[in-house]
file protein-v2.tsv (TSV, C-alpha atoms and all ligand atoms)
chain	number	residue	atom	x	y	z
A	1022	MET	CA	-2.33	19.96	-0.78
A	1023	THR	CA	-0.55	20.37	-4.10
A	1024	ASP	CA	-2.78	21.06	-7.09
A	1025	ASP	CA	-0.28	19.55	-9.54
A	1026	HIS	CA	-2.78	16.76	-10.13
A	1027	ARG	CA	-5.53	18.87	-11.70
A	1028	GLY	CA	-7.28	17.01	-14.53
A	1029	ARG	CA	-5.12	13.89	-14.16
A	1030	SER	CA	-6.64	10.41	-14.33
A	1031	VAL	CA	-5.64	8.51	-11.19
A	1032	ILE	CA	-6.48	4.88	-10.32
A	1033	ILE	CA	-6.39	3.77	-6.68
A	1034	THR	CA	-6.91	0.17	-5.57
A	1035	GLY	CA	-8.06	-0.62	-2.04
A	1036	ALA	CA	-9.87	2.71	-1.94
A	1037	SER	CA	-12.76	1.68	0.35
A	1038	ALA	CA	-10.84	2.25	3.61
A	1039	GLY	CA	-7.65	3.41	5.27
A	1040	LEU	CA	-4.89	4.92	3.17
A	1041	GLY	CA	-6.63	4.25	-0.16
A	1042	ALA	CA	-9.75	6.17	0.90
A	1043	ALA	CA	-7.62	9.01	2.31
A	1044	LEU	CA	-5.58	9.17	-0.92
A	1045	ALA	CA	-8.77	9.26	-2.99
A	1046	ARG	CA	-10.04	12.29	-1.03
A	1047	ALA	CA	-6.62	13.99	-1.19
A	1048	PHE	CA	-6.31	13.49	-4.97
A	1049	ALA	CA	-9.90	14.74	-5.39
A	1050	ASP	CA	-8.96	17.88	-3.43
A	1051	ALA	CA	-5.94	18.25	-5.74
A	1052	GLY	CA	-8.19	18.21	-8.83
A	1053	ALA	CA	-7.64	14.64	-10.10
A	1054	HIS	CA	-10.30	12.42	-11.69
A	1055	LEU	CA	-10.49	9.01	-10.13
A	1056	THR	CA	-11.07	5.34	-10.78
A	1057	LEU	CA	-11.41	3.51	-7.47
A	1058	LEU	CA	-11.43	-0.24	-6.83
A	1059	ALA	CA	-12.25	-2.39	-3.81
A	1060	ARG	CA	-14.51	-5.35	-2.91
A	1061	ARG	CA	-16.92	-3.70	-0.44
A	1062	GLN	CA	-19.45	-1.83	-2.55
A	1063	ASP	CA	-21.10	0.27	0.19
A	1064	ARG	CA	-17.77	1.49	1.55
A	1065	LEU	CA	-16.36	2.25	-1.92
A	1066	GLU	CA	-19.51	4.12	-3.00
A	1067	GLN	CA	-19.27	6.29	0.12
A	1068	VAL	CA	-15.67	7.27	-0.72
A	1069	ALA	CA	-16.69	7.93	-4.36
A	1070	THR	CA	-19.54	10.18	-3.17
A	1071	ASP	CA	-17.14	12.14	-0.91
A	1072	CYS	CA	-14.73	12.63	-3.84
A	1073	ARG	CA	-17.50	13.77	-6.21
A	1074	ALA	CA	-18.54	16.34	-3.60
A	1075	ARG	CA	-14.97	17.65	-3.84
A	1076	GLY	CA	-15.39	18.19	-7.60
A	1077	SER	CA	-13.80	15.00	-8.90
A	1078	GLU	CA	-15.22	12.79	-11.66
A	1079	VAL	CA	-15.21	9.31	-10.14
A	1080	VAL	CA	-15.79	5.76	-11.34
A	1081	ALA	CA	-16.13	3.06	-8.68
A	1082	VAL	CA	-15.18	-0.47	-9.76
A	1083	ILE	CA	-16.18	-3.30	-7.45
A	1084	GLY	CA	-13.42	-5.85	-7.84
A	1085	ASP	CA	-10.76	-8.03	-6.30
A	1086	VAL	CA	-7.09	-7.44	-7.20
A	1087	THR	CA	-6.38	-11.17	-6.92
A	1088	HIS	CA	-8.52	-11.69	-10.04
A	1089	ILE	CA	-6.68	-11.00	-13.32
A	1090	ASP	CA	-9.96	-10.03	-15.04
A	1091	ASP	CA	-10.67	-7.35	-12.44
A	1092	GLY	CA	-7.33	-5.69	-13.21
A	1093	GLN	CA	-8.34	-5.58	-16.86
A	1094	ARG	CA	-11.81	-4.19	-16.00
A	1095	LEU	CA	-10.13	-1.51	-13.88
A	1096	THR	CA	-8.01	-0.23	-16.77
A	1097	ALA	CA	-10.97	-0.37	-19.17
A	1098	ALA	CA	-13.13	1.64	-16.75
A	1099	ALA	CA	-10.46	4.34	-16.28
A	1100	VAL	CA	-9.85	4.71	-20.02
A	1101	ALA	CA	-13.60	4.77	-20.83
A	1102	ALA	CA	-14.34	7.40	-18.17
A	1103	HIS	CA	-11.23	9.60	-18.28
A	1104	GLY	CA	-9.68	8.93	-21.70
A	1105	GLY	CA	-6.43	7.47	-20.32
A	1106	ILE	CA	-4.36	6.87	-17.20
A	1107	ASP	CA	-1.77	9.22	-15.66
A	1108	CYS	CA	-1.18	7.39	-12.41
A	1109	LEU	CA	-1.98	3.94	-11.04
A	1110	ILE	CA	-1.65	3.50	-7.29
A	1111	ALA	CA	-1.53	-0.16	-6.21
A	1112	ASN	CA	-2.56	0.25	-2.60
A	1113	ALA	CA	-4.74	-2.78	-1.77
A	1114	GLY	CA	-3.03	-4.73	0.98
A	1115	LEU	CA	-3.46	-7.31	3.70
A	1116	SER	CA	-1.19	-8.22	6.63
A	1117	MET	CA	-0.63	-10.88	9.31
A	1118	TRP	CA	0.35	-11.04	12.97
A	1119	ALA	CA	1.68	-14.42	14.11
A	1120	PRO	CA	5.05	-16.07	14.68
A	1121	PHE	CA	5.74	-18.49	11.83
A	1122	GLU	CA	6.02	-21.54	14.11
A	1123	GLN	CA	2.48	-20.92	15.41
A	1124	VAL	CA	0.78	-20.65	12.00
A	1125	THR	CA	-1.77	-23.43	11.51
A	1126	ASP	CA	-3.25	-22.28	8.18
A	1127	LEU	CA	-0.48	-22.13	5.59
A	1128	THR	CA	-2.86	-20.89	2.89
A	1129	LEU	CA	-2.57	-17.40	4.41
A	1130	PHE	CA	0.90	-17.16	2.85
A	1131	ARG	CA	-0.56	-17.63	-0.63
A	1132	ARG	CA	-3.29	-15.09	0.11
A	1133	LEU	CA	-0.76	-12.47	1.28
A	1134	MET	CA	1.26	-12.95	-1.91
A	1135	GLU	CA	-1.88	-12.73	-4.06
A	1136	VAL	CA	-3.12	-9.46	-2.56
A	1137	ASN	CA	0.12	-7.55	-1.81
A	1138	TYR	CA	2.24	-8.66	-4.76
A	1139	LEU	CA	0.20	-10.30	-7.54
A	1140	GLY	CA	-2.62	-7.80	-7.00
A	1141	ALA	CA	-0.27	-5.02	-8.11
A	1142	VAL	CA	0.97	-7.09	-11.06
A	1143	HIS	CA	-2.60	-7.80	-12.19
A	1144	CYS	CA	-3.47	-4.10	-12.19
A	1145	VAL	CA	-0.33	-2.59	-13.73
A	1146	HIS	CA	0.02	-5.01	-16.67
A	1147	PRO	CA	-3.13	-3.89	-18.55
A	1148	ALA	CA	-2.54	-0.25	-17.53
A	1149	LEU	CA	1.04	-0.09	-18.86
A	1150	PRO	CA	0.32	0.91	-22.51
A	1151	HIS	CA	-1.91	3.72	-21.24
A	1152	LEU	CA	0.70	4.89	-18.74
A	1153	GLN	CA	3.26	4.91	-21.58
A	1154	GLU	CA	0.95	7.01	-23.74
A	1155	ARG	CA	0.80	9.76	-21.08
A	1156	HIS	CA	4.28	9.28	-19.58
A	1157	GLY	CA	2.50	8.36	-16.40
A	1158	GLN	CA	3.49	6.73	-13.14
A	1159	PHE	CA	2.97	3.45	-11.34
A	1160	VAL	CA	2.94	3.85	-7.57
A	1161	ALA	CA	3.24	0.79	-5.32
A	1162	ILE	CA	2.23	1.26	-1.71
A	1163	SER	CA	4.79	-0.93	-0.06
A	1164	SER	CA	6.08	-0.81	3.47
A	1165	ILE	CA	9.33	-0.51	5.31
A	1166	GLN	CA	8.76	-4.27	5.48
A	1167	GLY	CA	9.62	-4.35	1.78
A	1168	ARG	CA	13.22	-3.77	2.95
A	1169	LEU	CA	13.41	-4.83	6.59
A	1170	ALA	CA	12.39	-7.98	8.44
A	1171	VAL	CA	9.75	-7.55	11.16
A	1172	PRO	CA	8.75	-10.39	13.54
A	1173	ASN	CA	5.23	-11.87	13.28
A	1174	HIS	CA	5.01	-10.79	9.64
A	1175	THR	CA	6.87	-13.50	7.68
A	1176	GLY	CA	4.26	-13.74	4.89
A	1177	TYR	CA	3.69	-9.98	4.68
A	1178	VAL	CA	7.43	-9.19	4.65
A	1179	ALA	CA	7.93	-11.79	1.90
A	1180	ALA	CA	5.10	-10.35	-0.21
A	1181	LYS	CA	6.31	-6.74	0.18
A	1182	HIS	CA	9.87	-7.83	-0.70
A	1183	ALA	CA	8.46	-9.47	-3.85
A	1184	LEU	CA	6.62	-6.24	-4.70
A	1185	GLN	CA	9.82	-4.23	-4.17
A	1186	GLY	CA	11.83	-6.49	-6.49
A	1187	PHE	CA	9.11	-6.34	-9.14
A	1188	CYS	CA	8.96	-2.53	-8.99
A	1189	ASN	CA	12.73	-2.06	-9.10
A	1190	THR	CA	12.90	-4.22	-12.22
A	1191	LEU	CA	9.89	-2.59	-13.88
A	1192	ARG	CA	11.49	0.84	-13.27
A	1193	LEU	CA	14.58	-0.24	-15.24
A	1194	GLU	CA	12.50	-1.71	-18.05
A	1195	GLN	CA	10.29	1.37	-18.35
A	1196	ALA	CA	13.02	4.00	-17.99
A	1197	ASP	CA	13.10	4.80	-21.71
A	1198	ARG	CA	9.34	4.23	-22.17
A	1199	GLY	CA	8.44	7.28	-20.08
A	1200	VAL	CA	6.75	5.47	-17.19
A	1201	GLY	CA	7.92	6.33	-13.68
A	1202	VAL	CA	7.81	3.76	-10.89
A	1203	LEU	CA	7.48	5.00	-7.32
A	1204	THR	CA	7.69	2.69	-4.32
A	1205	VAL	CA	6.31	4.03	-1.05
A	1206	LEU	CA	7.97	2.54	2.02
A	1207	LEU	CA	5.69	3.32	4.93
A	1208	HIS	CA	6.11	2.94	8.65
A	1209	TRP	CA	3.08	1.95	10.78
A	1210	LEU	CA	-0.01	3.98	9.87
A	1211	ARG	CA	-2.71	5.12	12.31
A	1212	GLY	CA	-6.39	5.14	11.35
A	1213	THR	CA	-6.60	2.13	9.04
A	1214	GLU	CA	-8.11	-1.36	9.23
A	1215	LEU	CA	-4.91	-3.21	8.29
A	1216	ARG	CA	-4.23	-4.47	11.82
A	1217	SER	CA	-7.75	-5.69	12.61
A	1218	HIS	CA	-8.05	-7.46	9.22
A	1219	ALA	CA	-4.58	-9.03	9.48
A	1220	PHE	CA	-4.39	-12.84	9.54
A	1221	ALA	CA	-3.90	-14.49	12.92
A	1222	ALA	CA	-2.12	-17.85	13.11
A	1223	ASP	CA	-5.29	-19.78	12.17
A	1224	GLY	CA	-6.03	-17.58	9.14
A	1225	THR	CA	-8.88	-15.64	10.80
A	1226	PRO	CA	-8.70	-11.84	11.25
A	1227	VAL	CA	-6.78	-10.69	14.33
A	1228	GLY	CA	-9.57	-8.23	15.22
A	1229	ASP	CA	-9.32	-5.09	17.32
A	1230	GLY	CA	-7.16	-4.64	20.40
A	1231	ARG	CA	-4.35	-7.09	19.64
A	1232	ARG	CA	-1.79	-4.34	19.03
A	1233	ALA	CA	-1.34	-0.76	20.16
A	1234	HIS	CA	-0.01	2.13	18.11
A	1235	THR	CA	3.01	3.95	19.52
A	1236	GLY	CA	4.06	7.55	18.97
A	1237	GLU	CA	6.11	6.27	16.02
A	1238	SER	CA	3.00	5.73	13.87
A	1239	VAL	CA	2.35	7.99	10.88
A	1240	SER	CA	-0.99	9.80	10.38
A	1241	LEU	CA	-3.01	9.40	7.18
A	1242	GLU	CA	-2.68	13.15	6.52
A	1243	GLN	CA	1.12	12.95	6.77
A	1244	ALA	CA	1.25	9.93	4.46
A	1245	CYS	CA	-1.09	11.48	1.86
A	1246	ALA	CA	0.81	14.79	1.76
A	1247	ALA	CA	4.10	12.93	1.24
A	1248	ILE	CA	2.66	10.66	-1.47
A	1249	LEU	CA	0.95	13.47	-3.45
A	1250	GLY	CA	4.20	15.45	-3.31
A	1251	GLY	CA	6.26	12.40	-4.33
A	1252	VAL	CA	4.01	11.73	-7.33
A	1253	ALA	CA	4.14	15.42	-8.37
A	1254	ARG	CA	7.96	15.34	-8.24
A	1255	ARG	CA	8.10	11.94	-10.01
A	1256	GLU	CA	10.20	10.45	-7.23
A	1257	ARG	CA	11.40	6.83	-7.44
A	1258	GLU	CA	11.16	5.99	-3.75
A	1259	LEU	CA	9.54	7.57	-0.70
A	1260	VAL	CA	10.38	6.58	2.86
A	1261	ILE	CA	7.70	7.82	5.29
A	1262	PRO	CA	8.75	9.17	7.72
A	1263	TRP	CA	12.09	10.02	6.11
A	1264	LYS	CA	13.99	9.36	9.37
A	1265	LEU	CA	13.45	5.62	8.75
A	1266	LYS	CA	16.20	5.93	6.14
A	1267	ALA	CA	18.64	5.93	9.05
A	1268	LEU	CA	17.36	2.49	10.08
A	1269	MET	CA	17.69	1.24	6.51
A	1270	THR	CA	21.29	2.52	6.39
A	1271	LEU	CA	22.03	0.85	9.74
A	1272	GLN	CA	20.60	-2.40	8.34
A	1273	GLY	CA	23.23	-2.26	5.59
A	1274	LEU	CA	26.10	-1.35	7.92
A	1275	HIS	CA	25.30	-3.31	11.06
A	1276	PRO	CA	22.28	-5.59	10.65
A	1277	ALA	CA	22.29	-6.89	14.25
A	1278	SER	CA	21.83	-3.35	15.62
A	1279	ALA	CA	19.00	-2.58	13.20
A	1280	GLU	CA	17.29	-5.87	14.11
A	1281	ALA	CA	17.52	-5.09	17.83
A	1282	ILE	CA	15.74	-1.76	17.21
A	1283	VAL	CA	12.98	-3.50	15.22
A	1284	GLN	CA	12.54	-6.20	17.92
A	1285	ARG	CA	12.11	-3.55	20.60
A	1286	ALA	CA	9.58	-1.59	18.51
A	1287	VAL	CA	7.47	-4.69	17.83
A	1288	ARG	CA	7.47	-5.77	21.49
A	1289	LYS	CA	6.17	-2.31	22.43
A	1290	GLN	CA	3.24	-2.81	20.04
A	1291	ASP	CA	2.16	-6.28	21.15
A	1292	THR	CA	-0.19	-5.42	24.02
A	1293	HIS	CA	-0.66	-9.12	24.81
A	1294	SER	CA	3.00	-9.73	25.40
A	1295	THR	CA	3.74	-6.55	27.35
A	1296	GLY	CA	0.36	-5.94	28.98
A	1297	SER	CA	0.79	-2.22	28.29
A	1298	VAL	CA	-0.74	0.07	25.73
A	1299	ASP	CA	1.60	2.75	24.46
A	1300	ALA	CA	-0.85	4.79	22.41
A	1401	LIG	N1	-1.46	0.38	8.12
A	1401	LIG	C1	-0.14	0.31	8.19
A	1401	LIG	O1	0.45	0.35	9.28
A	1401	LIG	C2	0.67	0.18	6.93
A	1401	LIG	C3	2.05	0.29	7.03
A	1401	LIG	C4	2.82	0.16	5.87
A	1401	LIG	C5	2.20	-0.08	4.65
A	1401	LIG	N2	0.84	-0.19	4.59
A	1401	LIG	C6	0.25	-0.50	3.29
A	1401	LIG	O2	-0.70	0.48	2.96
A	1401	LIG	C7	-1.69	-0.09	2.09
A	1401	LIG	C8	-3.07	0.28	2.60
A	1401	LIG	O3	-3.25	-0.33	3.87
A	1401	LIG	P1	-4.23	0.26	5.00
A	1401	LIG	O4	-3.43	0.34	6.23
A	1401	LIG	O5	-4.96	1.44	4.49
A	1401	LIG	O6	-5.22	-0.99	5.17
A	1401	LIG	P2	-6.83	-1.10	5.27
A	1401	LIG	O7	-7.40	0.03	6.03
A	1401	LIG	O8	-7.08	-2.49	5.75
A	1401	LIG	O9	-7.28	-0.97	3.75
A	1401	LIG	C9	-6.98	-2.00	2.82
A	1401	LIG	C10	-7.72	-1.73	1.53
A	1401	LIG	O10	-7.38	-2.77	0.62
A	1401	LIG	C11	-8.58	-3.31	0.10
A	1401	LIG	N3	-8.38	-4.71	-0.26
A	1401	LIG	C12	-7.94	-5.72	0.54
A	1401	LIG	N4	-7.91	-6.87	-0.15
A	1401	LIG	C13	-8.34	-6.56	-1.42
A	1401	LIG	C14	-8.53	-7.32	-2.59
A	1401	LIG	N5	-8.29	-8.65	-2.62
A	1401	LIG	N6	-8.97	-6.70	-3.71
A	1401	LIG	C15	-9.23	-5.37	-3.70
A	1401	LIG	N7	-9.07	-4.59	-2.61
A	1401	LIG	C16	-8.63	-5.20	-1.48
A	1401	LIG	C17	-9.63	-3.11	1.18
A	1401	LIG	O11	-10.94	-3.00	0.60
A	1401	LIG	P3	-12.06	-4.16	0.51
A	1401	LIG	O12	-11.95	-4.96	1.77
A	1401	LIG	O13	-13.32	-3.36	0.40
A	1401	LIG	O14	-11.73	-4.91	-0.73
A	1401	LIG	C18	-9.24	-1.74	1.72
A	1401	LIG	O15	-9.81	-0.73	0.93
A	1401	LIG	C19	-1.41	-1.59	2.07
A	1401	LIG	O16	-0.73	-1.94	0.90
A	1401	LIG	C20	-0.52	-1.80	3.27
A	1401	LIG	O17	0.32	-2.92	3.12
A	1401	LIG	C21	0.07	-0.04	5.68

call {"tool": "encode", "arguments": {"input": "protein-v2.tsv", "output": "structure tokens", "more": "lines below"}}
Ligand SMILES: NC(=O)c1ccc[n+]([C@@H]2O[C@H](COP(=O)([O-])OP(=O)(O)OC[C@H]3O[C@@H](n4cnc5c(N)ncnc54)[C@H](OP(=O)(O)O)[C@@H]3O)[C@@H](O)[C@H]2O)c1
result
Amino acid sequence: MTDDHRGRSVIITGASAGLGAALARAFADAGAHLTLLARRQDRLEQVATDCRARGSEVVAVIGDVTHIDDGQRLTAAAVAAHGGIDCLIANAGLSMWAPFEQVTDLTLFRRLMEVNYLGAVHCVHPALPHLQERHGQFVAISSIQGRLAVPNHTGYVAAKHALQGFCNTLRLEQADRGVGVLTVLLHWLRGTELRSHAFAADGTPVGDGRRAHTGESVSLEQACAAILGGVARRERELVIPWKLKALMTLQGLHPASAEAIVQRAVRKQDTHSTGSVDA
């Protein structure tokens, strides 16, 4: 891991599990001091303890990114503990898995927008003056679904597209204020809870076993290494894995071909529709 992050103050939302927890440990290994936020206290405290054991100074903030006040508390906690903010990673996220026509609880669309899009807005707004002070960076953990349409994910795709538009605009506005904006467009990730917590058609969690990972999925180690490197180089966009850029280019040149590739990939993952598990 790069040690370019030594002594930096890094905020990570959604740090109690999955990618957020893995990023917290990776930034701790790289010498950063951390402010971590999530709702589940026991899980967040465990991650904080792991990071302290790696030599990091850590503040754990129990909070919900859908609450404006919690975004403000997060910034205040980071500034009080570490004197400022070098990097804010908006990682908290929630997904869905249901064809639109089958959805019976439309409130899940509002919830997806609140967590994936407004959650980032709530956290970066109070942090912005502090990021400006240190010429810091705002990192939004988006998805390839911030650019491409993927079946069964209407609400998630819409929320990640909103996040992408917000970040692209913020990058322009902050260009001469010294704040970098990095969007991270990820493929499927192994080893997280996103799929089991995703909304089913009735707004309840999908649970385990609904979908299988294929060999296309990215490991947490691979994602963390790419993100720490991207932050160190002050990149504007990361596509993980990079070969997905070819699919994004195809989408621009010949959308029907790109869509056919996505349809095939999603059918391979839906173990209920294919009856097979391609792990
Ligand atoms: N997994 C994938 O295949 C994949 C692919 C592309 C992009 N991503 C993106 O990567 C990010 C991390 O996802 P993951 O796969 O690591 O998912 P995960 O394992 O389910 O972790 C999600 C994290 O977000 C937190 N969270 C959820 N709602 C929250 C809220 N309202 N307020 C505060 N924290 C909240 C959860 O903590 P609490 O429940 O404790 O609050 C948890 O720490 C997300 O933005 C996701 O969209 C994931």

call {"tool": "residues_around", "arguments": {"input": "protein-v2.tsv", "residues": "region 1220-1230 of chain A", "least_positions_apart": "5", "cutoff": "10 Å", "atoms": "all atoms listed in the file", "output": "number ranges by chain"}}
result
A: 1115-1130, 1132-1133, 1173-1174, 1176-1177, 1214-1215, 1291-1293, 1298

call {"tool": "residues_near_ligand", "arguments": {"input": "protein-v2.tsv", "ligand": "ligand LIG 1401 (chain A)", "cutoff": "7 Å", "atoms": "all atoms listed in the file", "output": "tab-separated table (two decimals) with C-alpha atoms, in the frame of the given file"}}
result
chain	number	residue	atom	x	y	z
A	1034	THR	CA	-6.91	0.17	-5.57
A	1035	GLY	CA	-8.06	-0.62	-2.04
A	1036	ALA	CA	-9.87	2.71	-1.94
A	1037	SER	CA	-12.76	1.68	0.35
A	1038	ALA	CA	-10.84	2.25	3.61
A	1039	GLY	CA	-7.65	3.41	5.27
A	1040	LEU	CA	-4.89	4.92	3.17
A	1041	GLY	CA	-6.63	4.25	-0.16
A	1042	ALA	CA	-9.75	6.17	0.90
A	1058	LEU	CA	-11.43	-0.24	-6.83
A	1059	ALA	CA	-12.25	-2.39	-3.81
A	1060	ARG	CA	-14.51	-5.35	-2.91
A	1061	ARG	CA	-16.92	-3.70	-0.44
A	1062	GLN	CA	-19.45	-1.83	-2.55
A	1064	ARG	CA	-17.77	1.49	1.55
A	1065	LEU	CA	-16.36	2.25	-1.92
A	1084	GLY	CA	-13.42	-5.85	-7.84
A	1085	ASP	CA	-10.76	-8.03	-6.30
A	1086	VAL	CA	-7.09	-7.44	-7.20
A	1087	THR	CA	-6.38	-11.17	-6.92
A	1112	ASN	CA	-2.56	0.25	-2.60
A	1113	ALA	CA	-4.74	-2.78	-1.77
A	1114	GLY	CA	-3.03	-4.73	0.98
A	1115	LEU	CA	-3.46	-7.31	3.70
A	1116	SER	CA	-1.19	-8.22	6.63
A	1136	VAL	CA	-3.12	-9.46	-2.56
A	1137	ASN	CA	0.12	-7.55	-1.81
A	1162	ILE	CA	2.23	1.26	-1.71
A	1163	SER	CA	4.79	-0.93	-0.06
A	1164	SER	CA	6.08	-0.81	3.47
A	1165	ILE	CA	9.33	-0.51	5.31
A	1206	LEU	CA	7.97	2.54	2.02
A	1207	LEU	CA	5.69	3.32	4.93
A	1208	HIS	CA	6.11	2.94	8.65
A	1209	TRP	CA	3.08	1.95	10.78
A	1210	LEU	CA	-0.01	3.98	9.87
A	1211	ARG	CA	-2.71	5.12	12.31
A	1213	THR	CA	-6.60	2.13	9.04
A	1214	GLU	CA	-8.11	-1.36	9.23
A	1215	LEU	CA	-4.91	-3.21	8.29
A	1216	ARG	CA	-4.23	-4.47	11.82
A	1218	HIS	CA	-8.05	-7.46	9.22

call {"tool": "atom_distance", "arguments": {"input": "protein-v2.tsv", "atom1": "CA of Ala1179 (chain A)", "atom2": "CA of Gln1166 (chain A)"}}
result
8.4 Å

call {"tool": "closest_residue", "arguments": {"input": "protein-v2.tsv", "among": "A:Gly1104, A:Gly1273, A:Gly1052, A:Gly1167", "to": "Gly1186 (chain A)", "atoms": "all atoms listed in the file"}}
result
A:Gly1167

call {"tool": "residues_around", "arguments": {"input": "protein-v2.tsv", "residues": "region 1241-1251 of chain A", "least_positions_apart": "6", "cutoff": "10 Å", "atoms": "only C-alpha atoms", "output": "PDB file with C-alpha atoms, keeping the file's coordinate frame"}}
result
ATOM      1  CA  MET A1022      -2.330  19.960  -0.780  1.00  0.00           C
ATOM      2  CA  THR A1023      -0.550  20.370  -4.100  1.00  0.00           C
ATOM      3  CA  ASP A1024      -2.780  21.060  -7.090  1.00  0.00           C
ATOM      4  CA  ASP A1025      -0.280  19.550  -9.540  1.00  0.00           C
ATOM      5  CA  HIS A1026      -2.780  16.760 -10.130  1.00  0.00           C
ATOM      6  CA  GLY A1039      -7.650   3.410   5.270  1.00  0.00           C
ATOM      7  CA  LEU A1040      -4.890   4.920   3.170  1.00  0.00           C
ATOM      8  CA  GLY A1041      -6.630   4.250  -0.160  1.00  0.00           C
ATOM      9  CA  ALA A1042      -9.750   6.170   0.900  1.00  0.00           C
ATOM     10  CA  ALA A1043      -7.620   9.010   2.310  1.00  0.00           C
ATOM     11  CA  LEU A1044      -5.580   9.170  -0.920  1.00  0.00           C
ATOM     12  CA  ALA A1045      -8.770   9.260  -2.990  1.00  0.00           C
ATOM     13  CA  ARG A1046     -10.040  12.290  -1.030  1.00  0.00           C
ATOM     14  CA  ALA A1047      -6.620  13.990  -1.190  1.00  0.00           C
ATOM     15  CA  PHE A1048      -6.310  13.490  -4.970  1.00  0.00           C
ATOM     16  CA  ALA A1051      -5.940  18.250  -5.740  1.00  0.00           C
ATOM     17  CA  VAL A1160       2.940   3.850  -7.570  1.00  0.00           C
ATOM     18  CA  ILE A1162       2.230   1.260  -1.710  1.00  0.00           C
ATOM     19  CA  LEU A1203       7.480   5.000  -7.320  1.00  0.00           C
ATOM     20  CA  THR A1204       7.690   2.690  -4.320  1.00  0.00           C
ATOM     21  CA  VAL A1205       6.310   4.030  -1.050  1.00  0.00           C
ATOM     22  CA  LEU A1207       5.690   3.320   4.930  1.00  0.00           C
ATOM     23  CA  HIS A1208       6.110   2.940   8.650  1.00  0.00           C
ATOM     24  CA  LEU A1210      -0.010   3.980   9.870  1.00  0.00           C
ATOM     25  CA  ARG A1211      -2.710   5.120  12.310  1.00  0.00           C
ATOM     26  CA  GLY A1212      -6.390   5.140  11.350  1.00  0.00           C
ATOM     27  CA  THR A1213      -6.600   2.130   9.040  1.00  0.00           C
ATOM     28  CA  ARG A1257      11.400   6.830  -7.440  1.00  0.00           C
ATOM     29  CA  GLU A1258      11.160   5.990  -3.750  1.00  0.00           C
ATOM     30  CA  LEU A1259       9.540   7.570  -0.700  1.00  0.00           C
ATOM     31  CA  VAL A1260      10.380   6.580   2.860  1.00  0.00           C
ATOM     32  CA  ILE A1261       7.700   7.820   5.290  1.00  0.00           C
ATOM     33  CA  PRO A1262       8.750   9.170   7.720  1.00  0.00           C
ATOM     34  CA  TRP A1263      12.090  10.020   6.110  1.00  0.00           C
TER      35      TRP A1263
END

call {"tool": "atom_distance", "arguments": {"input": "protein-v2.tsv", "atom1": "CA of His1143 (chain A)", "atom2": "CA of Thr1070 (chain A)"}}
result
26.3 Å

call {"tool": "residues_near_point", "arguments": {"input": "protein-v2.tsv", "point": "(7.3, 6.1, -27.0)", "cutoff": "8 Å", "atoms": "all atoms listed in the file", "output": "list in words"}}
result
Gln1153, Glu1154, Asp1197, Arg1198 and Gly1199 of chain A

call {"tool": "closest_residue", "arguments": {"input": "protein-v2.tsv", "among": "A:Cys1188, A:Val1200, A:Ala1183, A:Val1283", "to": "Pro1150 (chain A)", "atoms": "all atoms listed in the file"}}
result
A:Val1200

call {"tool": "residues_around", "arguments": {"input": "protein-v2.tsv", "residues": "Arg1073 (chain A)", "least_positions_apart": "6", "cutoff": "10 Å", "atoms": "all atoms listed in the file", "output": "ChimeraX atom specification"}}
result
/A:1046,1049-1050,1054-1055,1067,1079-1080

call {"tool": "axis_aligned_box", "arguments": {"input": "protein-v2.tsv", "around": "region 1212-1223 of chain A", "padding_each_side": "8 Å", "output": "JSON"}}
result
{"center_x": -5.1, "center_y": -7.3, "center_z": 10.7, "size_x": 22.0, "size_y": 40.9, "size_z": 20.8}

call {"tool": "closest_residue", "arguments": {"input": "protein-v2.tsv", "among": "A:Asp1090, A:Thr1270, A:Ala1170, A:Asn1189", "to": "Gln1284 (chain A)", "atoms": "all atoms listed in the file"}}
result
A:Ala1170

call {"tool": "closest_residue", "arguments": {"input": "protein-v2.tsv", "among": "A:Arg1168, A:His1156, A:Lys1266, A:Lys1181", "to": "Asp1107 (chain A)", "atoms": "all atoms listed in the file"}}
result
A:His1156

call {"tool": "closest_residue", "arguments": {"input": "protein-v2.tsv", "among": "A:Met1134, A:Ala1097, A:Leu1149, A:Leu1271", "to": "Val1178 (chain A)", "atoms": "only C-alpha atoms"}}
result
A:Met1134

call {"tool": "atom_distance", "arguments": {"input": "protein-v2.tsv", "atom1": "CA of Val1171 (chain A)", "atom2": "CA of Glu1280 (chain A)"}}
result
8.3 Å

call {"tool": "closest_residue", "arguments": {"input": "protein-v2.tsv", "among": "A:Ile1110, A:Leu1169, A:Ala1098, A:Val1082", "to": "Glu1066 (chain A)", "atoms": "all atoms listed in the file"}}
result
A:Val1082
